>>> print(open('coords_11.tsv').read())   # TSV, C-alpha atoms
chain	number	residue	atom	x	y	z
A	24	MET	CA	-97.58	89.01	-128.74
A	25	THR	CA	-98.65	90.89	-125.59
A	26	ARG	CA	-101.87	90.25	-123.71
A	27	SER	CA	-103.36	93.50	-125.01
A	28	GLN	CA	-102.54	92.50	-128.58
A	29	THR	CA	-104.24	89.14	-127.99
A	30	ILE	CA	-107.33	90.86	-126.62
A	31	GLY	CA	-107.27	93.32	-129.51
A	32	ARG	CA	-107.12	90.50	-132.07
A	33	ARG	CA	-109.97	88.66	-130.32
A	34	ALA	CA	-112.15	91.80	-130.26
A	35	PHE	CA	-111.33	92.53	-133.88
A	36	LEU	CA	-112.27	89.04	-135.07
A	37	ALA	CA	-115.37	88.89	-132.92
A	38	GLY	CA	-116.46	92.24	-134.27
A	39	ALA	CA	-115.87	91.10	-137.83
A	40	ALA	CA	-118.08	88.07	-137.24
A	41	THR	CA	-120.81	90.23	-135.74
A	42	LEU	CA	-120.72	92.61	-138.67
A	43	ALA	CA	-120.86	89.73	-141.10
A	44	ALA	CA	-124.05	88.66	-139.35
A	45	GLY	CA	-125.56	92.02	-140.21
A	46	THR	CA	-125.53	93.86	-136.88
A	47	THR	CA	-126.21	97.60	-137.17
A	48	LEU	CA	-123.43	99.85	-135.87
A	49	ALA	CA	-123.85	102.89	-133.68
A	50	GLY	CA	-121.08	105.46	-134.13
A	51	ARG	CA	-122.13	107.74	-131.29
A	52	THR	CA	-122.96	110.86	-133.25
A	53	PRO	CA	-124.27	113.96	-131.43
A	54	ALA	CA	-127.76	112.58	-132.01
A	55	HIS	CA	-126.74	109.62	-129.81
A	56	ALA	CA	-124.75	111.53	-127.20
A	57	VAL	CA	-124.03	109.78	-123.90
A	58	PRO	CA	-125.73	111.35	-120.86
A	59	VAL	CA	-123.90	111.92	-117.60
A	60	ALA	CA	-124.45	109.16	-115.05
A	61	GLU	CA	-126.50	109.80	-111.94
A	62	GLY	CA	-124.28	111.07	-109.16
A	63	VAL	CA	-121.57	112.42	-111.48
A	64	THR	CA	-121.18	116.21	-111.50
A	65	LYS	CA	-119.06	117.50	-114.35
A	66	PHE	CA	-116.60	120.31	-113.77
A	67	PRO	CA	-118.34	123.43	-115.16
A	68	PHE	CA	-117.39	125.21	-118.34
A	69	PRO	CA	-116.14	128.77	-117.85
A	70	ALA	CA	-118.60	131.63	-118.08
A	71	GLN	CA	-115.95	134.33	-118.58
A	72	ARG	CA	-115.02	135.83	-121.94
A	73	ARG	CA	-111.31	135.36	-121.29
A	74	VAL	CA	-110.53	131.70	-121.82
A	75	ARG	CA	-107.23	129.95	-121.04
A	76	VAL	CA	-107.03	126.59	-122.78
A	77	LEU	CA	-104.51	123.84	-122.07
A	78	VAL	CA	-103.62	122.17	-125.39
A	79	THR	CA	-102.09	118.72	-125.01
A	80	GLY	CA	-101.99	115.51	-126.99
A	81	ASP	CA	-100.75	111.91	-127.16
A	82	ALA	CA	-100.55	111.78	-123.38
A	83	GLY	CA	-102.09	108.48	-122.40
A	84	THR	CA	-99.09	106.31	-121.52
A	85	GLY	CA	-99.26	106.29	-117.74
A	86	THR	CA	-95.47	106.63	-117.77
A	87	ARG	CA	-93.09	108.89	-115.89
A	88	THR	CA	-92.95	111.28	-118.83
A	89	GLN	CA	-96.73	111.78	-118.82
A	90	TRP	CA	-96.58	112.46	-115.10
A	91	ALA	CA	-93.74	114.97	-115.58
A	92	VAL	CA	-95.78	116.95	-118.11
A	93	ALA	CA	-98.84	116.76	-115.86
A	94	ASP	CA	-96.73	118.05	-112.94
A	95	ALA	CA	-95.71	121.02	-115.07
A	96	MET	CA	-99.32	121.69	-116.06
A	97	ARG	CA	-100.40	121.53	-112.40
A	98	ALA	CA	-97.72	124.03	-111.43
A	99	LEU	CA	-98.76	126.42	-114.19
A	100	HIS	CA	-102.44	126.04	-113.25
A	101	GLY	CA	-101.52	126.97	-109.68
A	102	ARG	CA	-99.89	130.19	-110.88
A	103	GLU	CA	-102.18	131.08	-113.76
A	104	PRO	CA	-105.49	129.19	-113.61
A	105	ILE	CA	-106.60	127.25	-116.68
A	106	SER	CA	-110.22	127.35	-117.88
A	107	LEU	CA	-110.37	124.02	-119.71
A	108	ALA	CA	-108.20	121.56	-121.63
A	109	VAL	CA	-108.20	119.96	-125.06
A	110	GLY	CA	-106.81	116.42	-125.23
A	111	LEU	CA	-105.90	115.78	-128.86
A	112	GLY	CA	-106.16	111.99	-129.00
A	113	ASP	CA	-104.18	108.83	-128.28
A	114	ASN	CA	-105.67	109.09	-124.82
A	115	ILE	CA	-105.12	105.40	-123.96
A	116	TYR	CA	-101.93	103.85	-125.36
A	117	GLU	CA	-101.24	101.45	-127.01
A	118	HIS	CA	-104.53	99.82	-127.96
A	119	GLY	CA	-107.27	101.91	-126.38
A	120	PRO	CA	-109.64	100.76	-123.62
A	121	GLU	CA	-111.56	97.50	-123.46
A	122	SER	CA	-114.63	99.14	-121.91
A	123	ALA	CA	-115.76	102.25	-120.07
A	124	ALA	CA	-114.78	100.48	-116.84
A	125	ASP	CA	-111.19	99.85	-117.96
A	126	VAL	CA	-108.66	100.66	-115.22
A	127	GLN	CA	-106.56	102.42	-117.87
A	128	PHE	CA	-108.81	105.47	-117.55
A	129	ALA	CA	-107.58	105.87	-113.98
A	130	ASP	CA	-103.95	104.98	-114.71
A	131	LYS	CA	-103.56	107.04	-117.89
A	132	PHE	CA	-105.95	109.95	-117.39
A	133	GLU	CA	-107.52	110.54	-113.98
A	134	ASN	CA	-104.53	109.91	-111.73
A	135	PRO	CA	-101.90	111.79	-113.77
A	136	ASN	CA	-104.29	114.76	-114.14
A	137	ALA	CA	-105.41	114.97	-110.52
A	138	GLY	CA	-105.81	118.60	-109.53
A	139	LEU	CA	-106.38	119.74	-113.10
A	140	ASP	CA	-110.02	120.14	-112.19
A	141	PHE	CA	-111.70	121.60	-115.24
A	142	PRO	CA	-113.38	120.15	-118.34
A	143	TRP	CA	-111.17	118.20	-120.76
A	144	LEU	CA	-112.48	118.19	-124.33
A	145	MET	CA	-111.27	114.81	-125.58
A	146	VAL	CA	-110.52	113.78	-129.18
A	147	LEU	CA	-110.30	110.19	-130.47
A	148	GLY	CA	-106.93	109.10	-131.91
A	149	ASN	CA	-105.72	106.11	-133.89
A	150	HIS	CA	-104.39	104.34	-130.78
A	151	ASP	CA	-107.82	104.74	-129.18
A	152	ASN	CA	-109.31	102.72	-132.06
A	153	SER	CA	-106.76	99.89	-132.39
A	154	SER	CA	-107.59	96.42	-133.68
A	155	VAL	CA	-104.64	94.00	-133.89
A	156	LEU	CA	-101.65	96.35	-133.74
A	157	GLY	CA	-101.46	99.39	-131.51
A	158	GLY	CA	-102.32	102.49	-133.51
A	159	ASP	CA	-103.65	100.74	-136.62
A	160	GLY	CA	-106.99	102.49	-136.15
A	161	GLY	CA	-108.78	99.46	-137.54
A	162	TRP	CA	-111.34	98.72	-134.82
A	163	LEU	CA	-113.40	101.90	-134.70
A	164	LEU	CA	-115.98	100.64	-132.23
A	165	ARG	CA	-113.25	100.49	-129.58
A	166	GLY	CA	-113.36	104.28	-129.50
A	167	ASN	CA	-116.96	104.12	-128.29
A	168	ALA	CA	-115.66	102.97	-124.89
A	169	GLU	CA	-114.09	106.42	-124.52
A	170	VAL	CA	-117.42	108.02	-125.41
A	171	GLU	CA	-119.16	105.86	-122.81
A	172	TYR	CA	-116.61	106.98	-120.21
A	173	HIS	CA	-118.06	110.50	-120.54
A	174	ALA	CA	-120.84	109.32	-118.22
A	175	ASN	CA	-118.44	108.40	-115.42
A	176	SER	CA	-115.84	111.19	-115.14
A	177	ARG	CA	-115.99	114.75	-113.88
A	178	ARG	CA	-113.14	115.81	-116.19
A	179	TRP	CA	-113.50	113.73	-119.37
A	180	TRP	CA	-115.80	115.41	-121.93
A	181	MET	CA	-116.64	113.24	-124.94
A	182	PRO	CA	-120.43	112.86	-125.23
A	183	SER	CA	-120.12	111.57	-128.80
A	184	ARG	CA	-117.36	110.80	-131.29
A	185	TYR	CA	-117.63	114.33	-132.69
A	186	TYR	CA	-119.26	117.35	-131.03
A	187	SER	CA	-118.85	121.07	-130.40
A	188	VAL	CA	-118.63	123.25	-127.29
A	189	ARG	CA	-119.21	127.02	-127.05
A	190	ILE	CA	-117.31	129.01	-124.42
A	191	PRO	CA	-119.08	130.75	-122.82
A	192	GLU	CA	-122.32	129.09	-123.84
A	193	HIS	CA	-124.05	132.39	-124.54
A	194	ASP	CA	-122.30	135.02	-126.67
A	195	PRO	CA	-119.29	132.71	-127.10
A	196	VAL	CA	-115.74	133.87	-127.58
A	197	VAL	CA	-114.79	130.48	-129.03
A	198	GLU	CA	-116.43	127.34	-130.34
A	199	PHE	CA	-114.44	124.10	-130.43
A	200	PHE	CA	-115.40	121.58	-133.12
A	201	VAL	CA	-114.07	118.20	-131.99
A	202	LEU	CA	-113.81	115.92	-135.04
A	203	ASP	CA	-113.31	112.21	-135.66
A	204	VAL	CA	-111.43	111.57	-138.90
A	205	ASN	CA	-110.24	108.11	-137.81
A	206	PRO	CA	-112.42	106.33	-140.42
A	207	LEU	CA	-110.51	108.28	-143.10
A	208	ALA	CA	-107.03	107.80	-141.63
A	209	ALA	CA	-106.93	104.20	-140.37
A	210	TYR	CA	-103.89	102.16	-141.34
A	211	VAL	CA	-106.29	99.21	-141.47
A	212	PRO	CA	-109.19	100.70	-143.44
A	213	PRO	CA	-112.70	99.70	-142.32
A	214	VAL	CA	-113.69	96.86	-144.61
A	215	PHE	CA	-116.45	95.05	-142.72
A	216	SER	CA	-119.21	97.65	-142.92
A	217	PRO	CA	-120.13	100.48	-145.29
A	218	TYR	CA	-121.14	102.48	-142.21
A	219	TRP	CA	-117.52	103.62	-141.65
A	220	ALA	CA	-116.63	104.05	-145.35
A	221	VAL	CA	-115.27	107.30	-146.77
A	222	ASP	CA	-118.73	108.18	-148.04
A	223	GLY	CA	-120.58	106.03	-145.51
A	224	GLN	CA	-123.23	107.05	-143.02
A	225	PHE	CA	-120.90	108.07	-140.19
A	226	MET	CA	-118.70	110.40	-142.21
A	227	ASN	CA	-121.57	111.85	-144.23
A	228	GLN	CA	-123.46	112.66	-141.05
A	229	GLN	CA	-120.33	114.27	-139.62
A	230	ARG	CA	-119.82	116.36	-142.76
A	231	ASP	CA	-123.42	117.60	-142.72
A	232	TRP	CA	-123.29	118.32	-139.00
A	233	LEU	CA	-119.98	120.22	-139.26
A	234	ASP	CA	-121.12	122.39	-142.18
A	235	ARG	CA	-124.24	123.42	-140.27
A	236	ALA	CA	-122.45	123.86	-136.95
A	237	ILE	CA	-119.77	126.16	-138.35
A	238	ALA	CA	-122.27	128.16	-140.39
A	239	ASP	CA	-124.51	128.63	-137.34
A	240	SER	CA	-121.71	129.45	-134.90
A	241	PRO	CA	-121.80	132.98	-133.42
A	242	ALA	CA	-118.32	132.55	-131.88
A	243	THR	CA	-115.53	135.00	-132.62
A	244	TRP	CA	-113.01	132.15	-132.88
A	245	LYS	CA	-113.74	128.79	-134.46
A	246	ILE	CA	-111.27	126.00	-133.69
A	247	ALA	CA	-111.23	122.49	-135.18
A	248	CYS	CA	-109.74	119.85	-132.87
A	249	THR	CA	-108.50	116.63	-134.49
A	250	HIS	CA	-105.95	113.95	-133.80
A	251	HIS	CA	-104.54	113.76	-137.33
A	252	PRO	CA	-103.09	117.03	-138.65
A	253	TYR	CA	-103.78	118.67	-141.97
A	254	LEU	CA	-100.29	120.18	-142.25
A	255	ASN	CA	-97.28	118.78	-140.40
A	256	ASN	CA	-93.52	119.22	-140.68
A	257	GLY	CA	-92.89	116.14	-138.53
A	258	PRO	CA	-92.36	112.52	-139.58
A	259	HIS	CA	-96.04	111.57	-139.79
A	260	GLY	CA	-96.36	114.10	-142.63
A	261	ASP	CA	-99.22	116.06	-144.16
A	262	ALA	CA	-102.66	114.69	-144.85
A	263	GLY	CA	-102.41	113.12	-148.30
A	264	ARG	CA	-98.78	112.13	-147.62
A	265	TYR	CA	-99.00	110.50	-144.19
A	266	GLU	CA	-95.81	108.54	-143.43
A	267	GLY	CA	-94.49	109.73	-146.81
A	268	LEU	CA	-96.88	107.37	-148.60
A	269	SER	CA	-98.95	108.03	-151.70
A	270	LEU	CA	-100.99	104.82	-151.46
A	271	GLU	CA	-104.70	105.49	-150.93
A	272	PRO	CA	-106.34	105.48	-148.47
A	273	ILE	CA	-103.55	105.15	-145.89
A	274	SER	CA	-101.86	108.27	-147.28
A	275	GLY	CA	-104.64	110.26	-145.62
A	276	VAL	CA	-105.86	111.67	-148.92
A	277	HIS	CA	-109.46	111.46	-147.66
A	278	VAL	CA	-108.47	113.35	-144.51
A	279	LYS	CA	-106.96	116.03	-146.74
A	280	ARG	CA	-110.17	116.30	-148.74
A	281	PHE	CA	-112.26	116.45	-145.57
A	282	PHE	CA	-110.22	119.35	-144.21
A	283	GLU	CA	-110.24	121.19	-147.51
A	284	ASP	CA	-113.97	120.73	-148.09
A	285	HIS	CA	-115.21	121.44	-144.57
A	286	VAL	CA	-112.61	123.10	-142.30
A	287	ILE	CA	-109.99	125.33	-143.92
A	288	GLY	CA	-111.11	128.88	-144.54
A	289	ARG	CA	-113.97	128.31	-142.07
A	290	CYS	CA	-112.04	127.81	-138.82
A	291	GLN	CA	-109.14	130.04	-137.81
A	292	PHE	CA	-107.21	127.18	-136.21
A	293	ILE	CA	-106.74	123.41	-136.44
A	294	LEU	CA	-105.35	121.85	-133.27
A	295	SER	CA	-103.91	118.34	-133.74
A	296	GLY	CA	-101.70	115.76	-132.09
A	297	HIS	CA	-100.46	112.49	-133.68
A	298	ASP	CA	-96.97	113.83	-134.38
A	299	HIS	CA	-95.04	113.78	-131.08
A	300	SER	CA	-93.84	117.33	-131.48
A	301	LEU	CA	-94.70	120.97	-130.83
A	302	GLN	CA	-95.36	123.01	-133.97
A	303	VAL	CA	-96.90	126.42	-134.64
A	304	LEU	CA	-97.15	126.55	-138.41
A	305	GLU	CA	-97.83	129.54	-140.61
A	306	PRO	CA	-101.05	129.62	-142.65
A	307	THR	CA	-100.59	128.91	-146.34
A	308	THR	CA	-102.42	129.99	-149.46
A	309	GLU	CA	-103.85	126.48	-149.68
A	310	SER	CA	-105.03	126.60	-146.05
A	311	LYS	CA	-107.01	129.80	-146.79
A	312	GLY	CA	-105.74	131.49	-143.63
A	313	THR	CA	-106.38	128.56	-141.27
A	314	ARG	CA	-103.41	127.99	-138.97
A	315	GLN	CA	-102.28	124.45	-138.06
A	316	VAL	CA	-100.98	123.88	-134.53
A	317	VAL	CA	-99.56	120.50	-133.46
A	318	SER	CA	-99.26	119.63	-129.77
A	319	GLY	CA	-98.49	115.93	-129.40
A	320	ALA	CA	-95.55	115.87	-126.98
A	321	ALA	CA	-97.32	115.27	-123.67
A	322	ALA	CA	-95.60	111.89	-123.10
A	323	LYS	CA	-93.42	111.09	-126.13
A	324	THR	CA	-91.18	112.99	-128.53
A	325	VAL	CA	-90.01	112.40	-132.09
A	326	GLY	CA	-86.44	112.07	-130.83
A	327	ALA	CA	-83.21	112.25	-132.78
A	328	GLU	CA	-83.19	108.98	-134.72
A	329	PRO	CA	-82.39	109.60	-138.41
A	330	ARG	CA	-85.60	107.91	-139.55
A	331	LEU	CA	-87.61	110.17	-137.27
A	332	VAL	CA	-86.12	113.54	-138.04
A	333	ALA	CA	-88.57	116.25	-138.97
A	334	SER	CA	-89.06	116.82	-142.66
A	335	ALA	CA	-88.51	120.17	-144.34
A	336	GLY	CA	-91.76	121.81	-145.23
A	337	HIS	CA	-94.11	124.52	-144.09
A	338	GLY	CA	-93.14	127.84	-142.61
A	339	ALA	CA	-93.25	127.73	-138.82
A	340	LEU	CA	-93.18	130.24	-136.01
A	341	TYR	CA	-91.98	127.48	-133.68
A	342	GLU	CA	-90.96	123.81	-134.01
A	343	ASN	CA	-89.61	121.38	-131.43
A	344	TYR	CA	-89.17	117.65	-132.03
A	345	HIS	CA	-87.06	116.53	-129.08
A	346	GLU	CA	-88.65	118.05	-125.95
A	347	LEU	CA	-91.80	117.17	-124.04
A	348	GLY	CA	-94.34	119.91	-123.64
A	349	PHE	CA	-97.78	121.44	-123.99
A	350	MET	CA	-99.37	124.71	-125.08
A	351	VAL	CA	-101.72	127.31	-123.65
A	352	LEU	CA	-104.14	129.28	-125.80
A	353	GLU	CA	-105.53	132.51	-124.38
A	354	LEU	CA	-108.65	133.73	-126.15
A	355	THR	CA	-110.59	136.96	-125.77
A	356	GLY	CA	-112.93	138.78	-128.09
A	357	GLY	CA	-109.99	140.87	-129.22
A	358	GLY	CA	-107.24	138.33	-129.87
A	359	VAL	CA	-105.59	134.93	-129.51
A	360	ASP	CA	-102.25	134.43	-127.74
A	361	LEU	CA	-100.31	131.14	-127.70
A	362	GLY	CA	-97.60	130.00	-125.32
A	363	VAL	CA	-95.51	126.83	-125.79
A	364	HIS	CA	-94.11	125.25	-122.63
A	365	THR	CA	-91.32	122.68	-122.71
A	366	VAL	CA	-90.87	120.23	-119.84
A	367	ASP	CA	-87.83	118.64	-118.20
A	368	PRO	CA	-88.75	114.94	-117.84
A	369	ALA	CA	-86.47	114.52	-114.83
A	370	THR	CA	-87.93	117.30	-112.71
A	371	GLY	CA	-91.31	118.21	-114.20
A	372	ALA	CA	-90.16	121.83	-114.41
A	373	SER	CA	-91.37	123.80	-117.42
A	374	ALA	CA	-90.19	126.85	-119.31
A	375	GLU	CA	-92.11	129.02	-121.73
A	376	ALA	CA	-90.19	128.51	-124.97
A	377	PHE	CA	-92.42	130.57	-127.24
A	378	ARG	CA	-95.15	133.17	-126.91
A	379	ARG	CA	-96.89	135.09	-129.67
A	380	ARG	CA	-100.18	136.79	-130.50
A	381	LEU	CA	-101.57	134.76	-133.40
A	382	ALA	CA	-104.69	136.73	-134.19
>>> encode(input="coords_11.tsv", output="structure tokens")
Amino acid sequence: MTRSQTIGRRAFLAGAATLAAGTTLAGRTPAHAVPVAEGVTKFPFPAQRRVRVLVTGDAGTGTRTQWAVADAMRALHGREPISLAVGLGDNIYEHGPESAADVQFADKFENPNAGLDFPWLMVLGNHDNSSVLGGDGGWLLRGNAEVEYHANSRRWWMPSRYYSVRIPEHDPVVEFFVLDVNPLAAYVPPVFSPYWAVDGQFMNQQRDWLDRAIADSPATWKIACTHHPYLNNGPHGDAGRYEGLSLEPISGVHVKRFFEDHVIGRCQFILSGHDHSLQVLEPTTESKGTRQVVSGAAAKTVGAEPRLVASAGHGALYENYHELGFMVLELTGGGVDLGVHTVDPATGASAEAFRRRLA
């Protein structure tokens, strides 16, 4: 067992004891958003009505491959400036941070992304909420360290576990709804407190908030940002059949219900990571016109092992399971264009592999 696994087990057991003693949890909802620390000036959100968004996920390894993708993003930003980024979870592999002062924030976010000086809308992933095993998603309070880090970083934007951002703030072209479905998708379901339960306080507050926020949004484009996808041709599978399993709740059936009750047909796009691939899927009848995009290849890929090959499934405009990469969304009041960029891990050079107007 590694040192991080030992620490994770200790934190998990200590947390279980605390919960057994009746301590009240705080899940960092928008009502409990973290303020920016004194002396920290956040990079500003764009005021223009043409918005170029870097879409990247599953980056936080601190490895050469993460740096290669970041090099490619820096080069693109130098040629065609980016307005902001969306980081789709698994920001700190393998177990998430120990605190907001954890050196991993520098090693796995700030240093690789130096020069990418714009706001990064950050999403919580299963690895960010690990308990005993990396990625089990079973210690949800660990994710609060990433929320707390919002106070300390110019780039990192995560004032609460779920939140929304309008770009520009007035008369917005787009509103991003950053969601936390980790309580519904954990491989180790939350068992120590009803707060995190499927119908517990945290998720019910998030449902109510999301319904109101989408209904009240004046934005032309409404985009849900999650770590876990709704639809997915890759090995992690669709919500309701995650990892090819039918066993509730680890199949993600509650994630599926959440998307179907609160997101699809209301947002034009779902942006997700989790699967280490690049996918631009076609909307389905069941998705009510909402398009799923998966961008989770910022440091790892599915690869070519037989057990990891992509599954047959949904119609796709583009799929790539063996190359590193990222995406760029360009949004105006009149349309949405998407480019997919693949990256050579040896050189950090990128090539635009796909480009299409999606709406």
>>> residues_around(input="coords_11.tsv", residues="Gly157 of chain A", least_positions_apart="4", cutoff="7 Å", atoms="all atoms listed in the file", output="PyMOL selection string")
chain A and resi 117-118+150+153
>>> closest_residue(input="coords_11.tsv", among="A:Ala322, A:Leu156, A:Ile105, A:Val196", to="Thr243 of chain A", atoms="only C-alpha atoms")
A:Val196
>>> axis_aligned_box(input="coords_11.tsv", around="segment 155-163 of chain A", padding_each_side="4 Å", output="JSON")
{"center_x": -107.4, "center_y": 98.2, "center_z": -134.5, "size_x": 19.9, "size_y": 16.5, "size_z": 14.0}
>>> atom_distance(input="coords_11.tsv", atom1="atom CA of Val63 of chain A", atom2="atom CA of Gly85 of chain A")
24.0 Å
>>> residues_near_point(input="coords_11.tsv", point="(-102.2, 116.3, -111.4)", cutoff="8 Å", atoms="only C-alpha atoms", output="PyMOL selection string")
chain A and resi 90+93-94+96-97+134-139
